[in-house]
Amino acid sequence: MRRFFHIKRLYGYILTTYIPLLLMTFAICLFLVLMQFLWKYVEDMVGKGLEISVLGEMFVYAALTLVYIALPLAILLASLMMFGNMGESLELLAVKAAGVPLLTAMKPLTILIVGIAVGVFFYQNNALPKIQTKFYSLLISIRQASPELDIPEEVFYKDIPGYNLYVGKKDQKTGMLHNVLIYDIASGFNNMAVIICDSAEMSTTDDKKMLIFTMYSGQQFQNFQQGNGSSSRYNEDFVPYARESFDTKTMMIAYDANFNRMGEEVIEGSATSNYVSKNLAELGASIDSMSLILDSVNRVDRKTMKNHSYLSFRNGYPAGKKDSLIAAARLAPVDVPRPDTLVLTKALNEQSAILQSAYMKADNNSNEFLFRSLNKTTTQRTINRHWVEWHRKFTIPFTCLIFFFIGAPLGSIVRKGGLGTPIVISVILFIIYYIVENVGYKMTRDGVWAHWFGMWFSSFVLLPIGIFLTYKAVNDSVIMNADTYVNLFKRLFFIRDKRKYPVKSVIIEKPDYEKISQSLSDLSQRIDRFLDRYGRLSYKDYWTDTNYNKELRSLRSSLEIILNSLSNSRKLEVLAKAEEFPVIFNIVRIFNTGSIPAKICMYLFPVGIILRLLSIPLEWTIRKDLRNIQRLNGEMVNILHGIHEPETIALV
């Protein structure tokens with residue numbers, strides 16, 4: 001039984017290293033997204049006197065809801081950090097040296113991430129709908145909670161419905177309000193009352209549903225409405241009011257300061273937002289039912305438009321004569337006069353009535369179909385939101401897999417551990433993913449893109465990146481090496497390194513000038529044959545001839561061998577002439593010559609012609625360098641023939 005559950009030591013080491021790292025990065029990422037949630041909704045929670053238990057419950061539900069954002073980022077960061085640490089400490093090199101390929105070393109983590117992705121799917125399908133229902137019901141309850149009364153000084157306070165309060169000064173110790181002005185518009189603006197008092201006290205009833213204002217030494221002014229028999233001039237020019245002076249006056253205002261929790265059935269029963277409370281099967285059933293309703297409404301609209309819109313004039317004909325004019329026109333075609341000529345034969349009042357009737361019919365039809373279109377738009381938008389939730393249950397687990405196959409290969413290529421470089425790369429990649437995912441989400445929500453394309457758009461973008469990085473990491477690519485891009489930049493702009501051959505203090509092998517002269521002559525002849533064969537490289541040969549690069553590399557290798565031998569010379573004129581030899585460029589192609597992708601580019605004429613034209617300046621430079629090498633070969637041979645003094649070998 002033991003051998004069925006045996007784990008290799010390498011796999012055990014990788015798992016025990018990765019799992020704590022994943023837990024740590026997940027906690028950090030979840031904390032960051034929670035802080036984003038707090039910044040977004042802080043105004044809805046502050047200043048309402050909420051209990052710590054309510055806020056704690058809110059943050060727990062928010063954390064469980066935001067798992068789908070934190071987990072892919074944590075997998076990406078943990079993979080980058082682990083394989084970066086292994087590459088930096090040469091552990092990955094030791095693993096490869098032992099004959100274990102990178103994909104084999106990634107095998108236990110691949111199985112782990114697949115298990116996590118499956119778990120995320122079931123979490124989103126079974127647990128998340130219940131959590132989101134509790135979360136949104138609690139969030140709406142907090143938003144609707146009345147703010148805690150904290151009336152500022154010298155500012156009109158408007159958070160009490162139907163009242164505006166102004167307080168000149170507050171006594172922080174006793175809570176007494178001084179120089180109080182109250183505008184009472186609870187009964188409407190026409191019945192507005194204004195209360196001015198020297199001081200006031202504010203308290204609440206035991207059930208926290210009423211505010212009690214006790215005012216001292218003040219006056220109340222209130223509009224006084226007259227009966228219907230008063231003259232219009234009296235109502236327009238003078239508005240009577242009632243004035244009341246008081247020493248003490250008590251006023252009670254309805255103000256519910258309690259926290260009232262909304263029931264979960266409100267979210268579940270909402271036709272436009274209940275998608276957050278449904279699992280995969282329920283989402284599919286809702287989509288089918290709403291699509292069926294939308295199709296039936298569209299059929300009814302088409303039938304209504306056909307019968308009562310542009311053919312509505314036929315409804316006024318007798319039942320047996322509706323098609324008599326059409327049948328007569330088919331038997332004996334006649335010229336039908338234009339509608340405006342018919343209208344012009346009528347009197348002006350009749351023309352006006354006809355046009356007015358047509359306008360009213362068109363306006364009524366337009367308003368009716370506009371109202372029906374708003375209902376259809378709302379239904380379609382709800383269907384789109386259901387599709388978003390349906391696809392998201394699959395896209396998030398798949399994103400976890402993609403981020404692993406981006407982070408692990410990229411970490412092995414970068415070979416940088418710790419938190420510096422991995423965090424920078426993770427943030428950049430996650431920002432790209434977040435932008436692309438939001439673009440797809442909004443396009444799907446608004447019905448611009450098909451739901452399957454919009455919700456999988458981020459996966460379509462990131463999957464090729466993961467495949468490319470995995471391929472490069474398996475083949476020990478140097479795409480993250482700065483020298484690679486420096487050399488590419490030099491090739492693009494024809495910048496070459498200059499040769500430097502200083503006089504060596506110690507020479508191990510004396511150069512054979514006679515043999516080198518013969519090699520230079522042979523090299524010149526080979527260059528002649530190469531230029532004769534490839535003086536003008538045809539379009540087909542550029543994509544299919546594999547000998548061009550081979551011959552060019554052979555010429556470059558022979559030249560470097562000769563110059564390496566001449567670098568052991570003590571003759572300054574030999575070293576100076578050797579430094580004049582150019583460095584031959586290699587032809588840079590996207591695909592290897594003769595390969596299937598190269599042949600595809602050759603037949604895709606717009607692409608192939610553009611790439612061929614871009615390579616022409618480099619070919620001209622290579623041919624110019626080869627002719628320059630022939631000239632320098634002849635000059636070097638003359639210099640070598642003029643050397644008669646034997647060189648001594650200096651040994652230290």
# chains A, B, ... in the order shown; residues from 1 in each chain; ligands from 1
call {"tool": "residues_around", "arguments": {"residues": "Lys376 of chain A", "least_positions_apart": "5", "cutoff": "9 Å", "atoms": "only C-alpha atoms", "output": "VMD selection string"}}
result
chain A and resid 294 297 to 298 371 381
call {"tool": "residues_around", "arguments": {"residues": "segment 189-192 of chain A", "least_positions_apart": "5", "cutoff": "7 Å", "atoms": "only C-alpha atoms", "output": "ChimeraX atom specification"}}
result
/A:184,222-223
call {"tool": "residues_around", "arguments": {"residues": "Ile212 of chain A", "least_positions_apart": "3", "cutoff": "9 Å", "atoms": "only C-alpha atoms", "output": "number ranges by chain"}}
result
A: 201-205, 250-253
call {"tool": "residues_around", "arguments": {"residues": "Leu10 of chain A", "least_positions_apart": "2", "cutoff": "12 Å", "atoms": "only C-alpha atoms", "output": "ChimeraX atom specification"}}
result
/A:6-8,12-17,91-92,94-96,98,100,104-109
call {"tool": "write_last_selection", "arguments": {"atoms": "C-alpha atoms", "output": "PDB file, in the first residue's frame"}}
result
ATOM      1  CA  HIS A   6       5.167   7.141  -2.335  1.00  0.00           C
ATOM      2  CA  ILE A   7       6.323  10.633  -3.345  1.00  0.00           C
ATOM      3  CA  LYS A   8       9.771  11.183  -4.777  1.00  0.00           C
ATOM      4  CA  GLY A  12       8.272  16.314  -1.791  1.00  0.00           C
ATOM      5  CA  TYR A  13      10.851  19.089  -1.579  1.00  0.00           C
ATOM      6  CA  ILE A  14       9.102  21.117  -4.275  1.00  0.00           C
ATOM      7  CA  LEU A  15       5.690  20.698  -2.652  1.00  0.00           C
ATOM      8  CA  THR A  16       6.900  21.541   0.864  1.00  0.00           C
ATOM      9  CA  THR A  17       8.573  24.658  -0.537  1.00  0.00           C
ATOM     10  CA  GLU A  91      18.995  24.312  -7.581  1.00  0.00           C
ATOM     11  CA  LEU A  92      17.165  24.305 -10.892  1.00  0.00           C
ATOM     12  CA  ALA A  94      21.267  20.852 -10.476  1.00  0.00           C
ATOM     13  CA  VAL A  95      17.844  19.348 -11.192  1.00  0.00           C
ATOM     14  CA  LYS A  96      18.382  19.668 -14.941  1.00  0.00           C
ATOM     15  CA  ALA A  98      20.526  15.255 -12.916  1.00  0.00           C
ATOM     16  CA  VAL A 100      15.132  15.860 -14.780  1.00  0.00           C
ATOM     17  CA  THR A 104       8.949  16.812 -14.935  1.00  0.00           C
ATOM     18  CA  ALA A 105      10.038  19.020 -12.033  1.00  0.00           C
ATOM     19  CA  MET A 106       6.789  20.969 -12.447  1.00  0.00           C
ATOM     20  CA  LYS A 107       4.690  17.792 -12.410  1.00  0.00           C
ATOM     21  CA  PRO A 108       3.721  17.771  -8.676  1.00  0.00           C
ATOM     22  CA  LEU A 109       2.875  21.461  -8.758  1.00  0.00           C
TER      23      LEU A 109
END
call {"tool": "closest_residue", "arguments": {"among": "A:Leu73, A:Met86, A:Tyr539, A:Glu153", "to": "Leu401 of chain A", "atoms": "only C-alpha atoms"}}
result
A:Leu73
call {"tool": "residues_around", "arguments": {"residues": "Ser557 of chain A", "least_positions_apart": "3", "cutoff": "12 Å", "atoms": "only C-alpha atoms", "output": "list in words"}}
result
Leu523, Lys550, Glu551, Leu552, Arg553, Ser554, Glu560, Ile561, Ile562, Leu563, Asn564, Val583, Ile584, Phe585 and Asn586 of chain A
call {"tool": "write_last_selection", "arguments": {"atoms": "N, CA and C atoms", "output": "compact mmCIF listing (two decimals), in the first residue's frame"}}
result
# COMPACT_ATOMS: atom_id res chain seq x y z
N LEU A 523 40.28 31.78 -48.14
CA LEU A 523 39.07 32.47 -47.70
C LEU A 523 38.58 33.44 -48.76
N LYS A 550 24.44 28.44 -43.60
CA LYS A 550 25.57 27.54 -43.30
C LYS A 550 26.87 28.08 -43.88
N GLU A 551 26.83 28.51 -45.14
CA GLU A 551 28.04 29.04 -45.78
C GLU A 551 28.50 30.33 -45.09
N LEU A 552 27.54 31.18 -44.72
CA LEU A 552 27.90 32.43 -44.06
C LEU A 552 28.53 32.17 -42.70
N ARG A 553 27.98 31.24 -41.94
CA ARG A 553 28.57 30.90 -40.64
C ARG A 553 29.95 30.28 -40.80
N SER A 554 30.11 29.49 -41.88
CA SER A 554 31.43 28.87 -42.12
C SER A 554 32.47 29.94 -42.45
N GLU A 560 37.35 34.15 -38.03
CA GLU A 560 37.67 34.30 -36.61
C GLU A 560 38.85 33.43 -36.22
N ILE A 561 38.98 32.24 -36.80
CA ILE A 561 40.12 31.37 -36.50
C ILE A 561 41.43 32.01 -36.96
N ILE A 562 41.39 32.58 -38.17
CA ILE A 562 42.60 33.23 -38.71
C ILE A 562 42.99 34.42 -37.86
N LEU A 563 42.00 35.27 -37.52
CA LEU A 563 42.32 36.46 -36.72
C LEU A 563 42.75 36.08 -35.31
N ASN A 564 42.24 35.01 -34.80
CA ASN A 564 42.68 34.55 -33.47
C ASN A 564 44.14 34.14 -33.49
N VAL A 583 33.23 42.66 -38.37
CA VAL A 583 32.53 41.51 -37.78
C VAL A 583 31.32 41.22 -38.65
N ILE A 584 31.26 40.00 -39.17
CA ILE A 584 30.19 39.64 -40.10
C ILE A 584 28.90 39.40 -39.32
N PHE A 585 27.82 40.01 -39.78
CA PHE A 585 26.50 39.80 -39.17
C PHE A 585 25.94 38.45 -39.59
N ASN A 586 25.05 37.93 -38.76
CA ASN A 586 24.23 36.78 -39.13
C ASN A 586 22.87 37.26 -39.62
call {"tool": "residues_around", "arguments": {"residues": "Val167 of chain A", "least_positions_apart": "3", "cutoff": "6 Å", "atoms": "only C-alpha atoms", "output": "list in words"}}
result
Glu153, Glu154, Asn179 and Val180 of chain A
call {"tool": "residues_around", "arguments": {"residues": "segment 27-33 of chain A", "least_positions_apart": "6", "cutoff": "10 Å", "atoms": "only C-alpha atoms", "output": "list in words"}}
result
Leu21, Trp39, Ala62, Ala63, Leu64, Leu66, Val67, Tyr68, Ile69, Ala70, Leu71, Pro72, Leu73, Ala74 and Leu77 of chain A
call {"tool": "write_last_selection", "arguments": {"atoms": "N, CA and C atoms", "output": "mmCIF file, in the first residue's frame"}}
result
data_model
loop_
_atom_site.group_PDB
_atom_site.id
_atom_site.type_symbol
_atom_site.label_atom_id
_atom_site.label_comp_id
_atom_site.auth_asym_id
_atom_site.auth_seq_id
_atom_site.Cartn_x
_atom_site.Cartn_y
_atom_site.Cartn_z
ATOM 1 N N LEU A 21 4.683 28.943 0.601
ATOM 2 C CA LEU A 21 4.838 30.176 -0.172
ATOM 3 C C LEU A 21 3.499 30.604 -0.784
ATOM 4 N N TRP A 39 -11.446 50.829 0.635
ATOM 5 C CA TRP A 39 -11.372 52.177 0.060
ATOM 6 C C TRP A 39 -12.610 52.485 -0.791
ATOM 7 N N ALA A 62 -16.726 39.692 2.459
ATOM 8 C CA ALA A 62 -15.981 40.331 1.369
ATOM 9 C C ALA A 62 -14.744 39.514 1.011
ATOM 10 N N ALA A 63 -14.042 39.003 2.039
ATOM 11 C CA ALA A 63 -12.842 38.201 1.780
ATOM 12 C C ALA A 63 -13.193 36.922 1.031
ATOM 13 N N LEU A 64 -14.278 36.260 1.435
ATOM 14 C CA LEU A 64 -14.676 35.034 0.747
ATOM 15 C C LEU A 64 -15.161 35.314 -0.672
ATOM 16 N N LEU A 66 -13.944 37.772 -2.621
ATOM 17 C CA LEU A 66 -12.824 38.237 -3.437
ATOM 18 C C LEU A 66 -11.745 37.188 -3.635
ATOM 19 N N VAL A 67 -12.035 35.944 -3.259
ATOM 20 C CA VAL A 67 -11.046 34.872 -3.442
ATOM 21 C C VAL A 67 -10.688 34.709 -4.908
ATOM 22 N N TYR A 68 -11.670 34.889 -5.793
ATOM 23 C CA TYR A 68 -11.425 34.663 -7.225
ATOM 24 C C TYR A 68 -10.436 35.671 -7.804
ATOM 25 N N ILE A 69 -10.229 36.811 -7.146
ATOM 26 C CA ILE A 69 -9.230 37.781 -7.599
ATOM 27 C C ILE A 69 -7.873 37.487 -6.979
ATOM 28 N N ALA A 70 -7.853 37.138 -5.695
ATOM 29 C CA ALA A 70 -6.585 36.965 -4.972
ATOM 30 C C ALA A 70 -5.877 35.672 -5.338
ATOM 31 N N LEU A 71 -6.631 34.604 -5.602
ATOM 32 C CA LEU A 71 -5.994 33.301 -5.814
ATOM 33 C C LEU A 71 -5.149 33.246 -7.091
ATOM 34 N N PRO A 72 -5.635 33.691 -8.268
ATOM 35 C CA PRO A 72 -4.749 33.656 -9.443
ATOM 36 C C PRO A 72 -3.487 34.491 -9.263
ATOM 37 N N LEU A 73 -3.613 35.670 -8.641
ATOM 38 C CA LEU A 73 -2.428 36.496 -8.401
ATOM 39 C C LEU A 73 -1.470 35.807 -7.441
ATOM 40 N N ALA A 74 -1.985 35.124 -6.424
ATOM 41 C CA ALA A 74 -1.123 34.407 -5.474
ATOM 42 C C ALA A 74 -0.389 33.263 -6.159
ATOM 43 N N LEU A 77 2.430 34.809 -8.288
ATOM 44 C CA LEU A 77 3.533 35.327 -7.473
ATOM 45 C C LEU A 77 4.312 34.204 -6.814
#
call {"tool": "closest_residue", "arguments": {"among": "A:Asn549, A:Asn638, A:Ser458, A:Asn274", "to": "Ile435 of chain A", "atoms": "only C-alpha atoms"}}
result
A:Ser458
call {"tool": "closest_residue", "arguments": {"among": "A:Leu112, A:Ala408, A:Ile432, A:Ala271", "to": "Thr379 of chain A", "atoms": "only C-alpha atoms"}}
result
A:Ala271
call {"tool": "select_by_dssp", "arguments": {"residues": "segment 325-518 of chain A", "states": "alpha helix (DSSP H)", "output": "VMD selection string"}}
result
chain A and resid 325 to 331 339 to 344 348 to 414 420 to 445 451 to 455 457 to 474 482 to 492 513 to 518
call {"tool": "write_last_selection", "arguments": {"atoms": "C-alpha atoms", "output": "compact mmCIF listing (two decimals), in the first residue's frame"}}
result
# COMPACT_ATOMS: atom_id res chain seq x y z
CA LEU A 325 -57.20 46.87 -54.62
CA ILE A 326 -54.05 44.76 -54.58
CA ALA A 327 -55.72 42.03 -56.68
CA ALA A 328 -57.00 44.60 -59.17
CA ALA A 329 -53.55 46.15 -59.42
CA ARG A 330 -52.04 42.76 -60.23
CA LEU A 331 -54.54 42.12 -63.02
CA PRO A 339 -49.02 60.10 -51.43
CA ASP A 340 -48.20 63.81 -51.36
CA THR A 341 -50.20 64.40 -54.57
CA LEU A 342 -53.20 62.76 -52.94
CA VAL A 343 -52.83 64.95 -49.89
CA LEU A 344 -52.52 68.09 -51.99
CA LEU A 348 -55.97 72.83 -46.19
CA ASN A 349 -57.89 71.92 -43.06
CA GLU A 350 -58.18 68.30 -44.25
CA GLN A 351 -54.44 68.21 -45.06
CA SER A 352 -53.69 69.49 -41.58
CA ALA A 353 -55.95 66.86 -40.01
CA ILE A 354 -54.39 64.07 -42.09
CA LEU A 355 -50.84 65.12 -41.20
CA GLN A 356 -51.75 65.58 -37.55
CA SER A 357 -53.34 62.12 -37.44
CA ALA A 358 -50.29 60.56 -39.11
CA TYR A 359 -47.97 62.30 -36.68
CA MET A 360 -49.99 61.14 -33.67
CA LYS A 361 -50.06 57.55 -34.92
CA ALA A 362 -46.32 57.56 -35.57
CA ASP A 363 -45.63 59.12 -32.16
CA ASN A 364 -47.85 56.62 -30.36
CA ASN A 365 -46.24 53.70 -32.18
CA SER A 366 -42.80 55.08 -31.41
CA ASN A 367 -43.57 55.47 -27.69
CA GLU A 368 -45.13 52.02 -27.49
CA PHE A 369 -42.22 50.26 -29.14
CA LEU A 370 -39.73 52.34 -27.16
CA PHE A 371 -41.36 51.18 -23.93
CA ARG A 372 -41.32 47.57 -25.11
CA SER A 373 -37.71 47.90 -26.22
CA LEU A 374 -36.71 49.12 -22.74
CA ASN A 375 -38.20 45.97 -21.25
CA LYS A 376 -36.39 43.83 -23.80
CA THR A 377 -33.12 45.68 -23.15
CA THR A 378 -33.45 45.06 -19.42
CA THR A 379 -34.17 41.37 -20.03
CA GLN A 380 -31.23 41.04 -22.41
CA ARG A 381 -28.92 42.77 -19.94
CA THR A 382 -30.06 40.37 -17.20
CA ILE A 383 -29.36 37.43 -19.54
CA ASN A 384 -25.90 38.83 -20.18
CA ARG A 385 -25.21 39.10 -16.43
CA HIS A 386 -26.29 35.48 -16.02
CA TRP A 387 -23.89 34.48 -18.81
CA VAL A 388 -21.10 36.40 -17.04
CA GLU A 389 -21.62 34.40 -13.85
CA TRP A 390 -21.97 31.15 -15.81
CA HIS A 391 -18.67 31.57 -17.64
CA ARG A 392 -16.83 32.96 -14.62
CA LYS A 393 -17.22 29.63 -12.83
CA PHE A 394 -14.97 28.15 -15.55
CA THR A 395 -12.68 31.06 -16.44
CA ILE A 396 -11.31 31.60 -12.90
CA PRO A 397 -10.07 27.97 -12.48
CA PHE A 398 -8.59 28.12 -15.98
CA THR A 399 -6.88 31.42 -15.15
CA CYS A 400 -5.22 29.74 -12.15
CA LEU A 401 -3.71 27.15 -14.51
CA ILE A 402 -2.58 29.80 -17.00
CA PHE A 403 -0.93 31.91 -14.30
CA PHE A 404 0.97 28.88 -13.04
CA PHE A 405 2.30 28.13 -16.52
CA ILE A 406 3.29 31.78 -16.82
CA GLY A 407 4.87 32.19 -13.39
CA ALA A 408 6.83 28.91 -13.15
CA PRO A 409 8.59 29.15 -16.56
CA LEU A 410 9.17 32.89 -16.17
CA GLY A 411 10.73 32.34 -12.74
CA SER A 412 13.10 29.72 -14.16
CA ILE A 413 14.08 32.14 -16.95
CA VAL A 414 14.52 35.24 -14.77
CA GLY A 420 11.55 42.44 -5.61
CA THR A 421 11.59 41.25 -9.21
CA PRO A 422 8.74 38.68 -8.82
CA ILE A 423 6.38 41.31 -7.38
CA VAL A 424 7.15 43.77 -10.18
CA ILE A 425 6.57 41.15 -12.87
CA SER A 426 3.44 39.80 -11.13
CA VAL A 427 1.91 43.25 -10.80
CA ILE A 428 2.56 44.06 -14.47
CA LEU A 429 1.08 40.77 -15.66
CA PHE A 430 -1.90 41.01 -13.33
CA ILE A 431 -2.65 44.59 -14.43
CA ILE A 432 -2.64 43.39 -18.04
CA TYR A 433 -4.96 40.51 -17.09
CA TYR A 434 -7.24 42.80 -15.06
CA ILE A 435 -7.59 45.30 -17.91
CA VAL A 436 -8.23 42.64 -20.53
CA GLU A 437 -10.66 40.76 -18.27
CA ASN A 438 -12.64 43.94 -17.53
CA VAL A 439 -12.81 44.79 -21.22
CA GLY A 440 -14.26 41.36 -21.96
CA TYR A 441 -16.65 41.59 -19.00
CA LYS A 442 -18.03 44.99 -20.00
CA MET A 443 -18.37 43.99 -23.65
CA THR A 444 -20.30 40.89 -22.59
CA ARG A 445 -22.45 42.78 -20.10
CA HIS A 451 -20.70 35.99 -24.17
CA TRP A 452 -18.27 33.11 -24.78
CA PHE A 453 -15.75 35.40 -26.50
CA GLY A 454 -15.96 38.25 -24.02
CA MET A 455 -15.59 36.13 -20.89
CA PHE A 457 -11.02 36.97 -23.95
CA SER A 458 -8.43 37.23 -21.17
CA SER A 459 -7.70 33.50 -21.49
CA PHE A 460 -7.27 33.87 -25.26
CA VAL A 461 -4.68 36.60 -24.59
CA LEU A 462 -2.77 34.91 -21.74
CA LEU A 463 -2.76 31.32 -23.00
CA PRO A 464 -0.31 31.98 -25.88
CA ILE A 465 1.96 33.82 -23.42
CA GLY A 466 1.97 30.80 -21.09
CA ILE A 467 2.69 28.39 -23.95
CA PHE A 468 5.48 30.61 -25.28
CA LEU A 469 7.16 31.01 -21.87
CA THR A 470 6.90 27.29 -21.12
CA TYR A 471 8.47 26.46 -24.49
CA LYS A 472 11.30 28.93 -23.91
CA ALA A 473 11.93 27.71 -20.38
CA VAL A 474 12.05 24.06 -21.45
CA ALA A 482 19.87 41.79 -21.40
CA ASP A 483 22.72 40.87 -23.76
CA THR A 484 20.23 39.19 -26.08
CA TYR A 485 18.29 42.40 -26.61
CA VAL A 486 21.47 44.48 -26.84
CA ASN A 487 22.73 42.24 -29.65
CA LEU A 488 19.34 42.40 -31.36
CA PHE A 489 19.40 46.20 -31.15
CA LYS A 490 22.88 46.24 -32.67
CA ARG A 491 21.74 44.01 -35.51
CA LEU A 492 18.70 46.11 -36.27
CA TYR A 513 52.54 33.36 -41.27
CA GLU A 514 52.92 31.13 -44.31
CA LYS A 515 49.97 28.96 -43.31
CA ILE A 516 47.88 32.02 -42.41
CA SER A 517 48.64 33.57 -45.82
CA GLN A 518 47.40 30.44 -47.55
call {"tool": "closest_residue", "arguments": {"among": "A:Ile629, A:Thr214, A:Arg589, A:Pro597", "to": "Leu614 of chain A", "atoms": "only C-alpha atoms"}}
result
A:Arg589
